[in-house]
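File shown here: upload.pdb, holding PDB, C-alpha atoms.
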ATOM      1  CA  MET N   1     -37.285 -19.506  41.705
ATOM      2  CA  THR N   2     -39.539 -21.474  44.064
ATOM      3  CA  SER N   3     -39.488 -25.145  45.008
ATOM      4  CA  ASP N   4     -40.940 -27.589  47.549
ATOM      5  CA  ASP N   5     -37.663 -27.500  49.521
ATOM      6  CA  ALA N   6     -38.777 -26.755  53.116
ATOM      7  CA  LYS N   7     -35.486 -25.192  54.109
ATOM      8  CA  HIS N   8     -35.135 -22.977  51.012
ATOM      9  CA  PRO N   9     -38.470 -22.663  49.235
ATOM     10  CA  ARG N  10     -37.291 -19.652  47.306
ATOM     11  CA  GLN N  11     -33.951 -19.032  45.567
ATOM     12  CA  ASP N  12     -33.085 -15.723  43.930
ATOM     13  CA  ILE N  13     -30.855 -15.942  40.886
ATOM     14  CA  ASP N  14     -29.171 -12.873  39.425
ATOM     15  CA  LEU N  15     -29.320 -12.813  35.656
ATOM     16  CA  THR N  16     -27.133 -10.600  33.547
ATOM     17  CA  ALA N  17     -26.915 -10.195  29.803
ATOM     18  CA  ASN N  18     -24.941  -8.169  27.376
ATOM     19  CA  PRO N  19     -27.473  -7.056  24.816
ATOM     20  CA  ALA N  20     -26.259  -6.714  21.250
ATOM     21  CA  GLY N  21     -26.848  -2.987  21.101
ATOM     22  CA  PRO N  22     -25.989  -0.688  18.268
ATOM     23  CA  THR N  23     -22.401  -0.834  17.037
ATOM     24  CA  GLY N  24     -22.490   2.392  15.055
ATOM     25  CA  CYS N  25     -20.234   2.780  12.047
ATOM     26  CA  SER N  26     -17.804  -0.152  11.757
ATOM     27  CA  ILE N  27     -15.586  -0.742   8.718
ATOM     28  CA  GLU N  28     -13.912  -3.977   7.631
ATOM     29  CA  ALA N  29     -11.445  -4.393   4.735
ATOM     30  CA  VAL N  30     -10.979  -7.887   3.229
ATOM     31  CA  PRO N  31      -8.475  -9.294   2.554
ATOM     32  CA  ALA N  32      -6.243  -7.697   5.172
ATOM     33  CA  SER N  33      -3.210  -7.970   2.877
ATOM     34  CA  LEU N  34      -2.456  -7.982  -0.853
ATOM     35  CA  ASN N  35       0.689  -9.710  -2.137
ATOM     36  CA  PHE N  36       1.394  -8.824  -5.762
ATOM     37  CA  GLY N  37       4.246 -11.321  -6.069
ATOM     38  CA  LEU N  38       7.027 -10.625  -8.575
ATOM     39  CA  VAL N  39       6.134  -8.137 -11.321
ATOM     40  CA  ALA N  40       8.316  -7.243 -14.313
ATOM     41  CA  LEU N  41       9.643  -3.697 -14.459
ATOM     42  CA  GLY N  42       7.656  -1.592 -16.915
ATOM     43  CA  SER N  43       4.454  -3.546 -16.357
ATOM     44  CA  GLY N  44       1.784  -3.541 -13.670
ATOM     45  CA  LYS N  45      -0.519  -5.830 -11.733
ATOM     46  CA  ALA N  46      -3.863  -4.912 -10.150
ATOM     47  CA  LEU N  47      -5.481  -6.505  -7.082
ATOM     48  CA  THR N  48      -8.614  -5.502  -5.163
ATOM     49  CA  TYR N  49      -9.943  -5.463  -1.640
ATOM     50  CA  THR N  50     -13.503  -4.969  -0.414
ATOM     51  CA  VAL N  51     -14.592  -2.434   2.204
ATOM     52  CA  THR N  52     -17.790  -3.309   4.102
ATOM     53  CA  ASN N  53     -19.809  -1.415   6.713
ATOM     54  CA  VAL N  54     -20.394  -4.205   9.267
ATOM     55  CA  GLY N  55     -21.990  -1.776  11.727
ATOM     56  CA  ASP N  56     -25.573  -0.620  12.086
ATOM     57  CA  ALA N  57     -25.126   3.075  11.213
ATOM     58  CA  ASN N  58     -24.073   4.946   8.088
ATOM     59  CA  CYS N  59     -20.337   5.578   7.668
ATOM     60  CA  PHE N  60     -18.993   8.669   5.955
ATOM     61  CA  ILE N  61     -15.920   7.542   3.994
ATOM     62  CA  GLN N  62     -13.557  10.487   4.067
ATOM     63  CA  ALA N  63     -10.691   8.947   2.073
ATOM     64  CA  ASN N  64      -9.209   5.871   0.466
ATOM     65  CA  LYS N  65      -5.499   6.565   0.371
ATOM     66  CA  LEU N  66      -2.012   5.164   0.725
ATOM     67  CA  ASP N  67       0.034   5.571   3.868
ATOM     68  CA  PRO N  68       2.718   8.243   3.189
ATOM     69  CA  LEU N  69       5.473   5.687   3.923
ATOM     70  CA  SER N  70       4.220   3.356   1.175
ATOM     71  CA  SER N  71       6.374   2.695  -1.870
ATOM     72  CA  ARG N  72       5.480   4.984  -4.776
ATOM     73  CA  SER N  73       5.089   1.876  -6.946
ATOM     74  CA  PHE N  74       1.619   1.360  -5.396
ATOM     75  CA  LEU N  75      -1.319   3.416  -6.645
ATOM     76  CA  ILE N  76      -5.032   3.459  -5.861
ATOM     77  CA  ASN N  77      -6.254   2.829  -9.383
ATOM     78  CA  LYS N  78     -10.025   3.005  -8.881
ATOM     79  CA  VAL N  79     -12.829   2.817  -6.333
ATOM     80  CA  THR N  80     -16.089   1.186  -7.459
ATOM     81  CA  GLY N  81     -19.421   0.912  -5.700
ATOM     82  CA  LEU N  82     -19.118   3.936  -3.400
ATOM     83  CA  ASN N  83     -21.834   6.502  -4.124
ATOM     84  CA  PHE N  84     -21.002  10.143  -4.750
ATOM     85  CA  THR N  85     -22.136  11.178  -1.232
ATOM     86  CA  GLN N  86     -19.487   8.819   0.195
ATOM     87  CA  PHE N  87     -21.965   7.452   2.755
ATOM     88  CA  LEU N  88     -21.692   3.693   3.183
ATOM     89  CA  LEU N  89     -24.922   2.217   4.502
ATOM     90  CA  PRO N  90     -24.959  -0.742   6.940
ATOM     91  CA  ASN N  91     -24.118  -4.045   5.182
ATOM     92  CA  SER N  92     -23.032  -2.133   2.051
ATOM     93  CA  LYS N  93     -19.651  -2.523   0.409
ATOM     94  CA  TYR N  94     -17.384  -1.119  -2.252
ATOM     95  CA  THR N  95     -14.174  -2.217  -3.956
ATOM     96  CA  VAL N  96     -10.749  -0.571  -4.123
ATOM     97  CA  GLU N  97      -8.276  -1.554  -6.851
ATOM     98  CA  ILE N  98      -4.558  -1.148  -6.140
ATOM     99  CA  LEU N  99      -2.090  -1.094  -9.039
ATOM    100  CA  TYR N 100       1.508  -2.176  -8.444
ATOM    101  CA  SER N 101       3.975  -0.941 -11.107
ATOM    102  CA  PRO N 102       7.527  -1.542  -9.870
ATOM    103  CA  ARG N 103      10.244   0.847 -10.988
ATOM    104  CA  VAL N 104      13.229  -0.931  -9.472
ATOM    105  CA  PRO N 105      14.121  -4.609  -8.988
ATOM    106  CA  GLN N 106      13.522  -4.904  -5.259
ATOM    107  CA  THR N 107      10.934  -5.882  -2.649
ATOM    108  CA  GLU N 108       8.483  -3.107  -1.795
ATOM    109  CA  SER N 109       5.717  -2.595   0.734
ATOM    110  CA  GLY N 110       2.934  -0.208   1.632
ATOM    111  CA  LYS N 111      -0.421   0.204   3.290
ATOM    112  CA  ALA N 112      -3.813   1.233   1.928
ATOM    113  CA  ILE N 113      -5.984   3.120   4.420
ATOM    114  CA  VAL N 114      -9.739   3.679   4.715
ATOM    115  CA  GLU N 115     -10.535   6.861   6.640
ATOM    116  CA  ILE N 116     -13.958   7.678   8.037
ATOM    117  CA  GLN N 117     -15.138  10.935   9.522
ATOM    118  CA  VAL N 118     -15.904  10.945  13.256
ATOM    119  CA  ASN N 119     -16.914  14.250  14.877
ATOM    120  CA  PHE N 120     -15.659  16.102  11.773
ATOM    121  CA  GLN N 121     -12.185  14.549  12.145
ATOM    122  CA  PRO N 122     -10.562  11.825  10.011
ATOM    123  CA  LYS N 123     -10.088   8.442  11.687
ATOM    124  CA  VAL N 124      -8.379   5.358  10.251
ATOM    125  CA  ALA N 125     -11.093   2.690  10.203
ATOM    126  CA  ALA N 126      -9.281  -0.106   8.322
ATOM    127  CA  SER N 127      -6.035  -0.809   6.501
ATOM    128  CA  VAL N 128      -4.659  -3.325   4.022
ATOM    129  CA  THR N 129      -0.974  -4.307   3.919
ATOM    130  CA  LEU N 130       0.616  -4.226   0.437
ATOM    131  CA  SER N 131       3.703  -6.121  -0.764
ATOM    132  CA  GLY N 132       5.368  -6.942  -4.053
ATOM    133  CA  GLY N 133       8.678  -7.194  -5.831
ATOM    134  CA  GLY N 134       9.991  -5.809  -9.083
ATOM    135  CA  ILE N 135      12.046  -7.995 -11.392
ATOM    136  CA  GLY N 136      14.091  -6.889 -14.376
ATOM    137  CA  PRO N 137      17.513  -5.701 -15.484
ATOM    138  CA  LYS N 138      19.132  -2.618 -13.994
ATOM    139  CA  LEU N 139      22.337  -0.998 -15.181
ATOM    140  CA  CYS N 140      24.532   0.233 -12.330
ATOM    141  CA  VAL N 141      27.566   2.408 -13.099
ATOM    142  CA  ASN N 142      30.314   3.193 -10.590
ATOM    143  CA  PRO N 143      31.392   5.922 -10.240
ATOM    144  CA  THR N 144      28.548   7.924 -11.705
ATOM    145  CA  ASN N 145      30.735  11.033 -12.165
ATOM    146  CA  VAL N 146      34.292  11.056 -13.499
ATOM    147  CA  ASP N 147      36.611  14.051 -12.961
ATOM    148  CA  PHE N 148      39.775  14.114 -15.049
ATOM    149  CA  GLY N 149      41.030  17.288 -13.453
ATOM    150  CA  ILE N 150      43.329  19.476 -15.563
ATOM    151  CA  VAL N 151      44.885  17.634 -18.500
ATOM    152  CA  ASN N 152      47.493  19.371 -20.673
ATOM    153  CA  VAL N 153      46.893  19.547 -24.406
ATOM    154  CA  GLY N 154      48.472  16.519 -26.110
ATOM    155  CA  SER N 155      48.476  14.493 -22.884
ATOM    156  CA  THR N 156      46.126  11.711 -21.872
ATOM    157  CA  ALA N 157      44.456  10.737 -18.621
ATOM    158  CA  THR N 158      42.486   7.601 -17.882
ATOM    159  CA  GLN N 159      39.739   6.757 -15.439
ATOM    160  CA  GLN N 160      38.054   3.428 -14.980
ATOM    161  CA  VAL N 161      34.269   3.131 -14.902
ATOM    162  CA  GLU N 162      32.561  -0.125 -13.974
ATOM    163  CA  ALA N 163      29.180  -1.077 -15.403
ATOM    164  CA  GLN N 164      27.249  -4.063 -14.122
ATOM    165  CA  ASN N 165      23.781  -5.573 -14.060
ATOM    166  CA  CYS N 166      22.461  -5.134 -10.523
ATOM    167  CA  GLY N 167      18.973  -6.246 -11.540
ATOM    168  CA  THR N 168      17.255  -9.606 -11.372
ATOM    169  CA  THR N 169      17.136 -10.605 -15.073
ATOM    170  CA  ASP N 170      19.573 -10.534 -17.998
ATOM    171  CA  LEU N 171      20.765  -7.154 -19.265
ATOM    172  CA  THR N 172      21.886  -6.447 -22.817
ATOM    173  CA  VAL N 173      24.050  -3.378 -23.451
ATOM    174  CA  ASN N 174      23.404  -2.240 -27.017
ATOM    175  CA  THR N 175      25.537   0.897 -27.274
ATOM    176  CA  VAL N 176      28.066   2.885 -25.253
ATOM    177  CA  PHE N 177      28.253   6.539 -26.222
ATOM    178  CA  GLU N 178      29.571   9.898 -25.113
ATOM    179  CA  ASN N 179      27.100  12.311 -23.689
ATOM    180  CA  GLY N 180      27.877  15.535 -25.553
ATOM    181  CA  LEU N 181      31.505  15.605 -24.516
ATOM    182  CA  GLY N 182      33.039  15.838 -27.969
ATOM    183  CA  SER N 183      35.759  13.692 -29.566
ATOM    184  CA  SER N 184      38.345  14.247 -26.851
ATOM    185  CA  PHE N 185      37.020  11.198 -25.005
ATOM    186  CA  ARG N 186      37.473   7.591 -26.119
TER     187      ARG N 186
END

Since I need it in another form, could you write the structure as structure tokens?
Amino acid sequence: MTSDDAKHPRQDIDLTANPAGPTGCSIEAVPASLNFGLVALGSGKALTYTVTNVGDANCFIQANKLDPLSSRSFLINKVTGLNFTQFLLPNSKYTVEILYSPRVPQTESGKAIVEIQVNFQPKVAASVTLSGGGIGPKLCVNPTNVDFGIVNVGSTATQQVEAQNCGTTDLTVNTVFENGLGSSFR
């Protein structure tokens, strides 16, 4: 830069910039978490998240899967919008539907993962946290096995078995029956 300053007519200024160069393949999953809330046992609830290539290069989607530590009550129900080649072009997106079908009355969690292929190896590119809770009745019996030992003919032996509802909603017991043990038990 030049000026009419007699002492310093010329000033050099260093300029630096960080150009917005190519980002390559970059995956984003929105929302970052899915909360299914409370779901009745024996039913299911589906929620979706969207996967977008926010980069400037094609992404090869290797897998949409659940983390192995996820509750088995979560299931990837369907993937829509991803072409059969599994290449996701820049600014393209697809949708993943997760189904939550609780089997027990408790809080459960998991993680859905989007894997891309980098140098012929899988790489986790994005993940979505999953949470939900099952509600419903659950019959708990204690003990689950009863051993009467040796009982002489004509004698009796008793054992106590406790049954209770350890679920989250009312339980109705309709019938108590023997399981193939014959008429020697009452």

Quiz item: Got a sec: who's within 6 Å of Thr168 of chain N, counting all atoms listed in the file, leaving out chain neighbours fewer than 4 positions off, as a PyMOL selection string?
Solution: chain N and resi 135-137

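Counting only C-alpha atoms, the residue from N:Lys93, N:Leu171, N:Glu108, N:Gln164 that sits nearest to Leu38 of chain N is N:Glu108.
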
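When all atoms listed in the file are used to compute distances to Pro90 of chain N, the closest of the residues N:Thr175, N:Ser26, N:Asn119, N:Gln160 turns out to be N:Ser26.
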
Practice problem: Would you list the contacts of segment 48-54 of chain N as a PyMOL selection string, taking every protein, DNA or RNA residue within 7 Å and counting only C-alpha atoms, but skipping same-chain residues closer than 4 positions in sequence? | Solution: chain N and resi 25-31+88-98

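Among the candidates N:Gln11, N:Ile76, N:Asp5, N:Cys59, the residue lying nearest to Pro122 of chain N is N:Cys59 (atoms considered: only C-alpha atoms).
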
Exercise. Name the residues that the PyMOL selection byres ((chain N and resi 33) around 6) picks from the file above, as a count of residues only, using the file's chain letters and numbers.
Key: 6

Quiz item: Which residues fall under the PyMOL selection byres ((chain N and resi 139) around 12) in this file, as a ChimeraX atom specification?
Solution: /N:104-105,136-138,140-142,144,162-174

Practice problem: Would you mind listing what lies within 9 Å of Phe36 of chain N as a list in words, with all atoms listed in the file counted and same-chain residues fewer than 6 positions away left out? | Solution: Lys45, Ala46, Leu47, Tyr100, Leu130, Ser131, Gly132 and Gly133 of chain N

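In this comparison, which uses all atoms listed in the file, the residue of N:Ala125, N:Val176, N:Ala40, N:Leu75 approaching Gln106 of chain N most closely is N:Ala40.
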
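The space between atom CA of Ile116 of chain N and atom CA of Asp56 of chain N spans 14.8 Å.
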
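Interatomic distance, atom CA of Val79 of chain N to atom CA of Gly44 of chain N: 17.5 Å.
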
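For the structure in this document, the set picked by the PyMOL selection byres ((chain N and resi 148) around 12) is Asn145, Val146, Asp147, Gly149, Ile150, Val151, Asn152, Ser155, Thr156, Ala157, Thr158, Gln159, Gln160, Ser184 and Phe185 of chain N.
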
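Taking atom CA of Ala63 of chain N and atom CA of Arg103 of chain N as endpoints, the distance between them is 26.0 Å.
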
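Nearest residue to Ser70 of chain N, choosing from N:Gly37, N:Gly134, N:Gly154, N:Gly110 and counting all atoms listed in the file: N:Gly110.
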
Quiz item: Near Ile61 of chain N, within 9 Å and counting only C-alpha atoms, which residues show up once chain neighbours fewer than 3 positions away are dropped, as a ChimeraX atom specification?
Solution: /N:64,82,85-88,114-117

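Take the candidates N:Pro102, N:Val161, N:Thr2, N:Asn83 and check each one against Phe60 of chain N using all atoms listed in the file; the shortest distance goes to N:Asn83.
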